[in-house]
$ cat entry.pdb   # PDB, C-alpha atoms
MODEL        1
ATOM      1  CA  MET A   1     107.064  26.859 -35.848
ATOM      2  CA  SER A   2     110.647  28.148 -35.648
ATOM      3  CA  ASN A   3     111.703  31.581 -36.798
ATOM      4  CA  SER A   4     114.212  32.412 -39.505
ATOM      5  CA  ILE A   5     116.688  34.875 -37.990
ATOM      6  CA  GLU A   6     119.350  36.934 -39.737
ATOM      7  CA  HIS A   7     122.195  38.347 -37.649
ATOM      8  CA  VAL A   8     123.074  41.813 -38.891
ATOM      9  CA  SER A   9     124.502  45.141 -37.774
ATOM     10  CA  PHE A  10     123.662  48.727 -38.628
ATOM     11  CA  PRO A  11     125.691  51.940 -38.391
ATOM     12  CA  ASN A  12     125.297  54.406 -35.548
ATOM     13  CA  PHE A  13     127.418  57.399 -34.466
ATOM     14  CA  GLY A  14     130.882  55.923 -35.033
ATOM     15  CA  TRP A  15     130.012  52.355 -34.053
ATOM     16  CA  ASN A  16     127.645  49.582 -35.142
ATOM     17  CA  ASN A  17     124.646  48.079 -33.384
ATOM     18  CA  ALA A  18     124.183  44.324 -33.387
ATOM     19  CA  ALA A  19     120.710  43.174 -34.382
ATOM     20  CA  ASP A  20     118.601  40.135 -35.224
ATOM     21  CA  ILE A  21     116.031  40.290 -38.009
ATOM     22  CA  TYR A  22     113.135  37.892 -37.496
ATOM     23  CA  LEU A  23     111.508  36.900 -40.778
ATOM     24  CA  PRO A  24     108.064  35.424 -41.480
ATOM     25  CA  ALA A  25     108.014  31.675 -42.092
ATOM     26  CA  ASP A  26     106.979  32.141 -45.727
ATOM     27  CA  PHE A  27     109.402  35.014 -46.321
ATOM     28  CA  ASP A  28     109.841  36.004 -49.953
ATOM     29  CA  PRO A  29     112.651  38.537 -50.569
ATOM     30  CA  GLY A  30     110.835  39.708 -53.684
ATOM     31  CA  LYS A  31     107.912  41.015 -51.647
ATOM     32  CA  ARG A  32     107.611  44.072 -49.394
ATOM     33  CA  TYR A  33     106.617  43.589 -45.764
ATOM     34  CA  PRO A  34     105.520  45.753 -42.874
ATOM     35  CA  ALA A  35     108.366  45.982 -40.360
ATOM     36  CA  ILE A  36     108.593  46.555 -36.609
ATOM     37  CA  VAL A  37     111.482  47.731 -34.415
ATOM     38  CA  SER A  38     111.591  45.873 -31.087
ATOM     39  CA  THR A  39     113.463  47.568 -28.207
ATOM     40  CA  HIS A  40     114.719  45.686 -25.162
ATOM     41  CA  PRO A  41     114.372  46.606 -21.484
ATOM     42  CA  ILE A  42     116.995  48.345 -19.379
ATOM     43  CA  GLY A  43     119.849  45.944 -18.618
ATOM     44  CA  SER A  44     118.549  43.444 -21.161
ATOM     45  CA  CYS A  45     119.588  42.365 -24.646
ATOM     46  CA  LYS A  46     118.103  41.428 -28.008
ATOM     47  CA  GLU A  47     118.043  37.701 -27.199
ATOM     48  CA  GLN A  48     115.623  38.208 -24.332
ATOM     49  CA  THR A  49     111.979  39.279 -24.353
ATOM     50  CA  SER A  50     112.217  41.911 -27.110
ATOM     51  CA  GLY A  51     113.625  39.285 -29.468
ATOM     52  CA  ASN A  52     112.756  35.722 -28.520
ATOM     53  CA  ILE A  53     109.204  36.574 -27.421
ATOM     54  CA  TYR A  54     107.786  39.655 -29.146
ATOM     55  CA  ALA A  55     109.928  39.806 -32.296
ATOM     56  CA  ALA A  56     109.482  36.077 -32.796
ATOM     57  CA  GLY A  57     105.738  36.226 -32.225
ATOM     58  CA  LEU A  58     105.191  39.172 -34.544
ATOM     59  CA  ALA A  59     107.317  37.543 -37.250
ATOM     60  CA  ARG A  60     105.115  34.454 -37.063
ATOM     61  CA  ALA A  61     102.193  36.807 -37.728
ATOM     62  CA  GLY A  62     103.805  38.019 -40.952
ATOM     63  CA  PHE A  63     105.924  41.006 -39.945
ATOM     64  CA  VAL A  64     109.641  41.594 -40.439
ATOM     65  CA  VAL A  65     110.955  42.488 -36.979
ATOM     66  CA  ILE A  66     114.355  43.836 -35.958
ATOM     67  CA  ALA A  67     115.497  43.394 -32.351
ATOM     68  CA  PHE A  68     118.772  45.119 -31.530
ATOM     69  CA  ASP A  69     121.249  45.604 -28.715
ATOM     70  CA  ALA A  70     121.430  49.134 -27.355
ATOM     71  CA  SER A  71     124.572  51.157 -27.965
ATOM     72  CA  PHE A  72     127.274  50.513 -25.324
ATOM     73  CA  GLN A  73     125.529  47.267 -24.396
ATOM     74  CA  GLY A  74     125.347  43.638 -25.497
ATOM     75  CA  ALA A  75     127.085  42.898 -28.792
ATOM     76  CA  SER A  76     126.767  46.501 -29.999
ATOM     77  CA  GLY A  77     129.673  48.910 -30.145
ATOM     78  CA  GLY A  78     130.378  52.071 -28.202
ATOM     79  CA  GLN A  79     132.652  52.934 -25.298
ATOM     80  CA  PRO A  80     132.586  53.038 -22.334
ATOM     81  CA  ARG A  81     130.409  50.010 -21.741
ATOM     82  CA  PHE A  82     127.069  49.763 -19.923
ATOM     83  CA  ILE A  83     125.892  53.319 -20.562
ATOM     84  CA  GLU A  84     122.120  53.701 -20.120
ATOM     85  CA  ASP A  85     121.472  57.124 -21.621
ATOM     86  CA  PRO A  86     117.821  57.641 -22.639
ATOM     87  CA  ALA A  87     118.668  60.056 -25.445
ATOM     88  CA  THR A  88     121.028  57.497 -26.959
ATOM     89  CA  ARG A  89     118.524  54.687 -26.534
ATOM     90  CA  VAL A  90     115.908  56.732 -28.421
ATOM     91  CA  SER A  91     118.461  57.582 -31.100
ATOM     92  CA  ASP A  92     119.201  53.861 -31.492
ATOM     93  CA  ILE A  93     115.599  53.316 -32.562
ATOM     94  CA  ARG A  94     115.962  55.961 -35.253
ATOM     95  CA  PHE A  95     119.122  54.300 -36.558
ATOM     96  CA  ALA A  96     117.329  50.936 -36.604
ATOM     97  CA  ILE A  97     114.654  52.529 -38.795
ATOM     98  CA  ASP A  98     117.360  54.027 -41.011
ATOM     99  CA  TYR A  99     118.578  50.478 -41.568
ATOM    100  CA  LEU A 100     115.111  49.045 -42.199
ATOM    101  CA  VAL A 101     114.302  51.555 -44.917
ATOM    102  CA  THR A 102     117.360  50.397 -46.901
ATOM    103  CA  LEU A 103     116.097  46.814 -47.090
ATOM    104  CA  PRO A 104     114.341  46.061 -50.382
ATOM    105  CA  TYR A 105     111.810  43.773 -48.714
ATOM    106  CA  VAL A 106     110.660  46.394 -46.169
ATOM    107  CA  ASP A 107     107.854  48.815 -46.998
ATOM    108  CA  PRO A 108     109.090  52.166 -45.585
ATOM    109  CA  GLU A 109     105.515  53.402 -45.242
ATOM    110  CA  ARG A 110     104.576  50.504 -42.958
ATOM    111  CA  ILE A 111     107.006  50.660 -40.041
ATOM    112  CA  GLY A 112     105.930  50.167 -36.444
ATOM    113  CA  ALA A 113     107.677  49.984 -33.100
ATOM    114  CA  ILE A 114     107.341  48.018 -29.895
ATOM    115  CA  GLY A 115     109.291  48.166 -26.644
ATOM    116  CA  VAL A 116     109.346  46.280 -23.367
ATOM    117  CA  CYS A 117     109.821  47.883 -19.926
ATOM    118  CA  GLY A 118     112.285  50.772 -20.353
ATOM    119  CA  GLY A 119     112.190  49.988 -24.063
ATOM    120  CA  GLY A 120     108.504  50.854 -24.012
ATOM    121  CA  GLY A 121     109.273  54.328 -22.680
ATOM    122  CA  TYR A 122     112.014  54.801 -25.260
ATOM    123  CA  THR A 123     109.670  53.709 -28.038
ATOM    124  CA  ILE A 124     107.045  56.221 -26.946
ATOM    125  CA  GLN A 125     109.570  59.056 -26.966
ATOM    126  CA  ALA A 126     111.014  57.959 -30.327
ATOM    127  CA  ALA A 127     107.581  57.953 -31.951
ATOM    128  CA  MET A 128     107.003  61.557 -30.922
ATOM    129  CA  THR A 129     109.936  62.753 -33.020
ATOM    130  CA  ASP A 130     110.130  60.155 -35.786
ATOM    131  CA  TYR A 131     106.939  59.934 -37.775
ATOM    132  CA  ARG A 132     108.317  57.097 -39.850
ATOM    133  CA  ILE A 133     106.826  55.092 -36.962
ATOM    134  CA  LYS A 134     103.217  54.622 -38.066
ATOM    135  CA  ALA A 135     101.983  52.693 -35.007
ATOM    136  CA  LEU A 136     103.536  51.702 -31.689
ATOM    137  CA  ALA A 137     103.034  49.480 -28.680
ATOM    138  CA  SER A 138     104.428  49.711 -25.167
ATOM    139  CA  ILE A 139     104.631  46.424 -23.264
ATOM    140  CA  THR A 140     104.717  46.991 -19.506
ATOM    141  CA  GLY A 141     106.491  50.229 -20.402
ATOM    142  CA  VAL A 142     108.427  52.230 -17.822
ATOM    143  CA  ASN A 143     109.417  55.902 -17.858
ATOM    144  CA  PHE A 144     113.074  55.477 -16.881
ATOM    145  CA  GLY A 145     113.482  59.151 -16.016
ATOM    146  CA  ARG A 146     110.764  58.899 -13.387
ATOM    147  CA  LEU A 147     112.062  55.585 -12.088
ATOM    148  CA  ILE A 148     115.631  56.770 -11.611
ATOM    149  CA  ARG A 149     114.470  59.954  -9.893
ATOM    150  CA  GLU A 150     112.345  57.865  -7.546
ATOM    151  CA  GLY A 151     113.037  54.236  -6.685
ATOM    152  CA  PHE A 152     116.460  53.882  -8.298
ATOM    153  CA  SER A 153     117.788  56.817  -6.249
ATOM    154  CA  ASN A 154     115.914  55.919  -3.063
ATOM    155  CA  PHE A 155     113.746  59.001  -3.663
ATOM    156  CA  ASP A 156     116.764  61.254  -3.122
ATOM    157  CA  PRO A 157     117.800  62.269  -6.650
ATOM    158  CA  VAL A 158     119.916  65.239  -5.558
ATOM    159  CA  SER A 159     122.168  63.096  -3.358
ATOM    160  CA  ALA A 160     122.433  60.514  -6.133
ATOM    161  CA  LEU A 161     123.487  63.175  -8.637
ATOM    162  CA  HIS A 162     126.158  64.489  -6.268
ATOM    163  CA  ALA A 163     127.545  60.948  -5.907
ATOM    164  CA  MET A 164     127.525  60.438  -9.677
ATOM    165  CA  ALA A 165     129.299  63.746 -10.270
ATOM    166  CA  LYS A 166     132.015  62.793  -7.793
ATOM    167  CA  GLN A 167     132.423  59.366  -9.379
ATOM    168  CA  ARG A 168     132.611  60.727 -12.927
ATOM    169  CA  THR A 169     135.339  63.164 -11.902
ATOM    170  CA  ALA A 170     137.291  60.301 -10.311
ATOM    171  CA  GLU A 171     136.945  58.214 -13.474
ATOM    172  CA  ALA A 172     138.057  61.132 -15.648
ATOM    173  CA  ARG A 173     141.217  61.252 -13.525
ATOM    174  CA  GLY A 174     141.937  57.584 -14.131
ATOM    175  CA  GLU A 175     140.078  55.645 -11.457
ATOM    176  CA  ALA A 176     138.242  52.439 -12.416
ATOM    177  CA  ARG A 177     134.743  52.626 -13.831
ATOM    178  CA  HIS A 178     132.029  51.847 -11.296
ATOM    179  CA  VAL A 179     129.546  49.449 -12.900
ATOM    180  CA  ILE A 180     126.523  48.612 -10.776
ATOM    181  CA  ASP A 181     124.164  45.663 -11.051
ATOM    182  CA  TYR A 182     120.577  46.849 -10.941
ATOM    183  CA  LEU A 183     119.502  43.590  -9.301
ATOM    184  CA  PRO A 184     120.500  41.280  -6.437
ATOM    185  CA  ALA A 185     122.471  38.159  -7.338
ATOM    186  CA  SER A 186     119.552  35.874  -6.494
ATOM    187  CA  VAL A 187     116.011  35.881  -5.143
ATOM    188  CA  ALA A 188     117.302  34.345  -1.920
ATOM    189  CA  GLU A 189     119.781  37.193  -1.479
ATOM    190  CA  ALA A 190     117.065  39.751  -2.141
ATOM    191  CA  GLN A 191     114.805  38.210   0.465
ATOM    192  CA  GLN A 192     117.648  37.980   2.972
ATOM    193  CA  ASN A 193     118.145  41.723   2.518
ATOM    194  CA  GLY A 194     114.477  42.384   3.231
ATOM    195  CA  ILE A 195     113.414  43.069  -0.361
ATOM    196  CA  SER A 196     109.776  42.193  -0.940
ATOM    197  CA  ASP A 197     108.854  44.233  -4.019
ATOM    198  CA  ILE A 198     107.328  42.015  -6.686
ATOM    199  CA  ASP A 199     109.177  43.702  -9.542
ATOM    200  CA  VAL A 200     112.632  43.333  -7.991
ATOM    201  CA  LEU A 201     112.033  39.718  -7.005
ATOM    202  CA  GLU A 202     110.566  38.714 -10.367
ATOM    203  CA  ALA A 203     113.246  40.625 -12.282
ATOM    204  CA  THR A 204     115.895  38.726 -10.354
ATOM    205  CA  GLU A 205     114.147  35.431 -11.029
ATOM    206  CA  TYR A 206     113.976  36.251 -14.740
ATOM    207  CA  TYR A 207     117.460  37.652 -15.322
ATOM    208  CA  LYS A 208     119.481  35.584 -12.849
ATOM    209  CA  THR A 209     118.162  32.095 -13.631
ATOM    210  CA  ALA A 210     117.888  29.874 -16.679
ATOM    211  CA  ARG A 211     114.385  31.226 -17.275
ATOM    212  CA  GLY A 212     115.638  34.362 -19.003
ATOM    213  CA  GLN A 213     119.385  34.575 -18.456
ATOM    214  CA  GLN A 214     121.491  35.407 -21.509
ATOM    215  CA  PRO A 215     125.223  36.212 -21.735
ATOM    216  CA  ASN A 216     124.557  39.813 -22.796
ATOM    217  CA  GLY A 217     121.665  40.440 -20.430
ATOM    218  CA  ALA A 218     124.006  42.098 -17.970
ATOM    219  CA  THR A 219     121.468  44.048 -15.833
ATOM    220  CA  SER A 220     124.343  46.492 -15.362
ATOM    221  CA  GLY A 221     124.774  50.242 -15.614
ATOM    222  CA  LEU A 222     127.715  52.621 -15.505
ATOM    223  CA  PHE A 223     126.933  54.553 -12.325
ATOM    224  CA  SER A 224     128.613  57.829 -13.246
ATOM    225  CA  PHE A 225     126.785  58.051 -16.589
ATOM    226  CA  ASN A 226     123.327  57.331 -15.149
ATOM    227  CA  SER A 227     123.020  61.037 -14.342
ATOM    228  CA  ALA A 228     121.818  61.696 -17.901
ATOM    229  CA  ALA A 229     118.508  59.995 -17.120
ATOM    230  CA  PHE A 230     117.555  62.229 -14.181
ATOM    231  CA  GLY A 231     116.443  65.134 -16.361
ATOM    232  CA  TRP A 232     114.692  62.965 -18.943
ATOM    233  CA  ASP A 233     110.985  62.233 -19.307
ATOM    234  CA  ALA A 234     109.672  59.594 -21.705
ATOM    235  CA  PHE A 235     106.281  61.270 -21.852
ATOM    236  CA  LEU A 236     107.323  64.895 -22.413
ATOM    237  CA  GLN A 237     105.130  66.522 -25.105
ATOM    238  CA  ALA A 238     102.937  63.411 -25.483
ATOM    239  CA  GLU A 239      99.813  65.590 -25.460
ATOM    240  CA  VAL A 240     101.059  67.355 -28.584
ATOM    241  CA  LEU A 241     103.446  65.066 -30.460
ATOM    242  CA  LEU A 242     102.321  61.480 -29.812
ATOM    243  CA  THR A 243      99.711  61.218 -32.563
ATOM    244  CA  GLN A 244     100.176  57.715 -34.002
ATOM    245  CA  PRO A 245      97.964  54.745 -33.119
ATOM    246  CA  LEU A 246      99.096  53.507 -29.710
ATOM    247  CA  MET A 247      98.641  50.312 -27.740
ATOM    248  CA  VAL A 248      99.657  50.153 -24.074
ATOM    249  CA  VAL A 249      99.823  46.723 -22.427
ATOM    250  CA  VAL A 250     100.224  46.375 -18.648
ATOM    251  CA  GLY A 251      99.641  43.796 -15.960
ATOM    252  CA  ASP A 252      97.341  44.697 -13.086
ATOM    253  CA  LYS A 253      99.825  43.671 -10.369
ATOM    254  CA  PRO A 254     101.614  46.955  -9.639
ATOM    255  CA  GLY A 255     105.250  46.861  -8.559
ATOM    256  CA  GLY A 256     108.084  49.185  -7.727
ATOM    257  CA  PHE A 257     109.120  49.801 -11.327
ATOM    258  CA  GLY A 258     105.796  51.524 -11.930
ATOM    259  CA  ALA A 259     104.691  50.121 -15.295
ATOM    260  CA  TYR A 260     101.009  50.030 -14.315
ATOM    261  CA  ARG A 261     101.105  53.643 -13.235
ATOM    262  CA  ASP A 262     103.109  54.743 -16.260
ATOM    263  CA  GLY A 263     100.862  52.820 -18.624
ATOM    264  CA  LEU A 264      97.710  54.502 -17.402
ATOM    265  CA  GLU A 265      99.441  57.880 -17.495
ATOM    266  CA  ILE A 266     100.646  57.703 -21.084
ATOM    267  CA  HIS A 267      97.375  56.240 -22.298
ATOM    268  CA  GLY A 268      95.612  59.232 -20.825
ATOM    269  CA  ARG A 269      98.093  61.848 -21.992
ATOM    270  CA  ALA A 270      98.776  60.709 -25.566
ATOM    271  CA  ALA A 271      97.335  62.857 -28.331
ATOM    272  CA  SER A 272      96.658  59.684 -30.342
ATOM    273  CA  ARG A 273      93.043  59.456 -31.426
ATOM    274  CA  ASP A 274      93.383  55.696 -31.817
ATOM    275  CA  LYS A 275      94.734  54.412 -28.511
ATOM    276  CA  HIS A 276      94.146  51.244 -26.564
ATOM    277  CA  LEU A 277      94.870  50.178 -22.990
ATOM    278  CA  VAL A 278      95.173  46.414 -22.531
ATOM    279  CA  VAL A 279      95.268  45.214 -18.923
ATOM    280  CA  ALA A 280      96.372  41.630 -18.337
ATOM    281  CA  GLU A 281      94.315  40.657 -15.318
ATOM    282  CA  GLY A 282      96.377  38.806 -12.735
ATOM    283  CA  GLY A 283      99.545  39.538 -14.700
ATOM    284  CA  SER A 284     102.712  41.114 -13.369
ATOM    285  CA  HIS A 285     105.426  43.133 -15.072
ATOM    286  CA  TYR A 286     107.576  40.043 -15.676
ATOM    287  CA  ASP A 287     104.683  37.795 -16.649
ATOM    288  CA  LEU A 288     104.543  39.988 -19.759
ATOM    289  CA  TYR A 289     108.177  39.147 -20.513
ATOM    290  CA  ASP A 290     107.678  35.459 -21.232
ATOM    291  CA  ARG A 291     104.809  33.739 -19.387
ATOM    292  CA  ALA A 292     102.856  31.928 -22.101
ATOM    293  CA  GLU A 293      99.326  32.812 -20.984
ATOM    294  CA  THR A 294     100.062  36.497 -20.364
ATOM    295  CA  VAL A 295     102.072  36.935 -23.552
ATOM    296  CA  ALA A 296      99.302  35.222 -25.525
ATOM    297  CA  LEU A 297      96.821  37.749 -24.173
ATOM    298  CA  ALA A 298      99.092  40.589 -25.296
ATOM    299  CA  MET A 299      99.756  39.065 -28.717
ATOM    300  CA  ALA A 300      96.055  38.545 -29.319
ATOM    301  CA  GLN A 301      95.718  42.344 -29.203
ATOM    302  CA  LEU A 302      99.049  43.338 -30.757
ATOM    303  CA  VAL A 303      98.773  41.333 -33.961
ATOM    304  CA  PRO A 304      95.435  42.758 -35.174
ATOM    305  CA  PHE A 305      96.511  46.228 -33.999
ATOM    306  CA  PHE A 306      99.623  46.187 -36.186
ATOM    307  CA  GLN A 307      97.816  44.446 -39.038
ATOM    308  CA  GLN A 308      95.273  47.263 -39.069
ATOM    309  CA  HIS A 309      97.758  50.138 -38.899
ATOM    310  CA  LEU A 310     100.672  48.793 -40.930
TER     311      LEU A 310
ENDMDL
END

$ encode --input "entry.pdb" --output "C-alpha cells"
Amino acid sequence: MSNSIEHVSFPNFGWNNAADIYLPADFDPGKRYPAIVSTHPIGSCKEQTSGNIYAAGLARAGFVVIAFDASFQGASGGQPRFIEDPATRVSDIRFAIDYLVTLPYVDPERIGAIGVCGGGGYTIQAAMTDYRIKALASITGVNFGRLIREGFSNFDPVSALHAMAKQRTAEARGEARHVIDYLPASVAEAQQNGISDIDVLEATEYYKTARGQQPNGATSGLFSFNSAAFGWDAFLQAEVLLTQPLMVVVGDKPGGFGAYRDGLEIHGRAASRDKHLVVAEGGSHYDLYDRAETVALAMAQLVPFFQQHL
C-alpha cells in the first residue's frame, strides 16, 4: 500500500523548513487525526529512515506524520549550510508542531513525536520542554552531546574545541568554510583505514550506497559550528521534566555511536511513569533504519503505543 505524501514547508526563524506530510490511506480532510513529528538522524534527511520508513509506516497505521529537513540542511533554509546545532534541531521540532496545530485535520491534543539516531535524542529533549508532545519514541536514539565529546572528538574534546575556535575565526575573516563528512566514502575505504566499528561500517553502507543514499542525505557537518554540541546533553533534566509516555527502541548489537548505552540510560532516568524499553535481539543500529524484520519488530510495538496514548 503506497502512501499519500504532501510536500510542504513551515516557517522557522527567518527561513522555512521543507517537510513531507504522510497521510493515512483513507484520509478524510473533514476528520481530525492524531499526528506525529518524525525527526531524522544527524547527517540525514526527510527522505531517509525518518520519512520513508517510520513516517510511512505510522501513516499506514492511521496517523498523520510530518517528516522534515533540519534547518541549514537538506531542502530547508538557513545559512550557512550543514550546521548541526542541537538547540536548533530541538527548536525545529517545536516549529513543526506549530505547523501541525494549524492544520484543520490534526487534533492538537493528540500529537506525538518520534526520532531516529540523533533525532531520537533531539526528540527526547524537545518533549521535556514542549508538553504539546503527548507521547514519544526514540529509535536507536543517540545523545549527540555525549557522542561528540567522546568518539567524534577522539575522546579529546578540549583539543577539538580549540581547533574549532581557530577555524571559526578563520572563516569569520573570509576563509572557506570547512565542511566535514562524518563517514568514509565507502566501506572498502573504511576497512583499508583500519575501521572495524559496526556503526561506522553500517552507516557507510547505508548512506553511501543505493540502500539508503538520497541527494540531501549529505552526512556532512560544518566543523567550526560543531562546537555548540559539546556543552549539550539530550538527557539533562530527564528525571524531572520527561513525564510523557516513552518508548525506547534499541538493537542489542552495541556500536561506537552508543545507542544501546544511551537507550538504557534514558529509559532508566526518565520520570515517565509509562515507559517501555524494546530491545531488538540480533539487531544493530542501522538494522533499525530500514531492515524489514527489525523495523517490523519496532513497528509492532510503536503502533499500539501511539494508538493508546494519542

$ resolve_selection --input "entry.pdb" --expression "the PyMOL selection byres ((chain A and resi 132-136) around 6)" --output "PyMOL selection string"
chain A and resi 111-114+127+130-131+137+244-246

$ resolve_selection --input "entry.pdb" --expression "the PyMOL selection byres ((chain A and resi 83) around 6)" --output "ChimeraX atom specification"
/A:72,81-82,84-85,221-222

$ resolve_selection --input "entry.pdb" --expression "the PyMOL selection byres ((chain A and resi 71) around 10)" --output "ChimeraX atom specification"
/A:12-13,15-18,68-70,72-85,88-89,91-92

$ residues_around --input "entry.pdb" --residues "range 192-206 of chain A" --least-positions-apart "2" --cutoff "9 Å" --atoms "only C-alpha atoms" --output "ChimeraX atom specification"
/A:183-190,208-213,253-258,284-287,289

$ residues_around --input "entry.pdb" --residues "range 157-169 of chain A" --least-positions-apart "6" --cutoff "12 Å" --atoms "all atoms listed in the file" --output "PDB file with C-alpha atoms, keeping the file's coordinate frame"
ATOM      1  CA  GLY A 145     113.482  59.151 -16.016  1.00  0.00           C
ATOM      2  CA  ARG A 146     110.764  58.899 -13.387  1.00  0.00           C
ATOM      3  CA  LEU A 147     112.062  55.585 -12.088  1.00  0.00           C
ATOM      4  CA  ILE A 148     115.631  56.770 -11.611  1.00  0.00           C
ATOM      5  CA  ARG A 149     114.470  59.954  -9.893  1.00  0.00           C
ATOM      6  CA  GLU A 150     112.345  57.865  -7.546  1.00  0.00           C
ATOM      7  CA  GLY A 151     113.037  54.236  -6.685  1.00  0.00           C
ATOM      8  CA  GLU A 175     140.078  55.645 -11.457  1.00  0.00           C
ATOM      9  CA  ALA A 176     138.242  52.439 -12.416  1.00  0.00           C
ATOM     10  CA  ARG A 177     134.743  52.626 -13.831  1.00  0.00           C
ATOM     11  CA  HIS A 178     132.029  51.847 -11.296  1.00  0.00           C
ATOM     12  CA  VAL A 179     129.546  49.449 -12.900  1.00  0.00           C
ATOM     13  CA  ILE A 180     126.523  48.612 -10.776  1.00  0.00           C
ATOM     14  CA  LEU A 222     127.715  52.621 -15.505  1.00  0.00           C
ATOM     15  CA  PHE A 223     126.933  54.553 -12.325  1.00  0.00           C
ATOM     16  CA  SER A 224     128.613  57.829 -13.246  1.00  0.00           C
ATOM     17  CA  PHE A 225     126.785  58.051 -16.589  1.00  0.00           C
ATOM     18  CA  ASN A 226     123.327  57.331 -15.149  1.00  0.00           C
ATOM     19  CA  SER A 227     123.020  61.037 -14.342  1.00  0.00           C
ATOM     20  CA  ALA A 228     121.818  61.696 -17.901  1.00  0.00           C
ATOM     21  CA  ALA A 229     118.508  59.995 -17.120  1.00  0.00           C
ATOM     22  CA  PHE A 230     117.555  62.229 -14.181  1.00  0.00           C
ATOM     23  CA  GLY A 231     116.443  65.134 -16.361  1.00  0.00           C
TER      24      GLY A 231
END
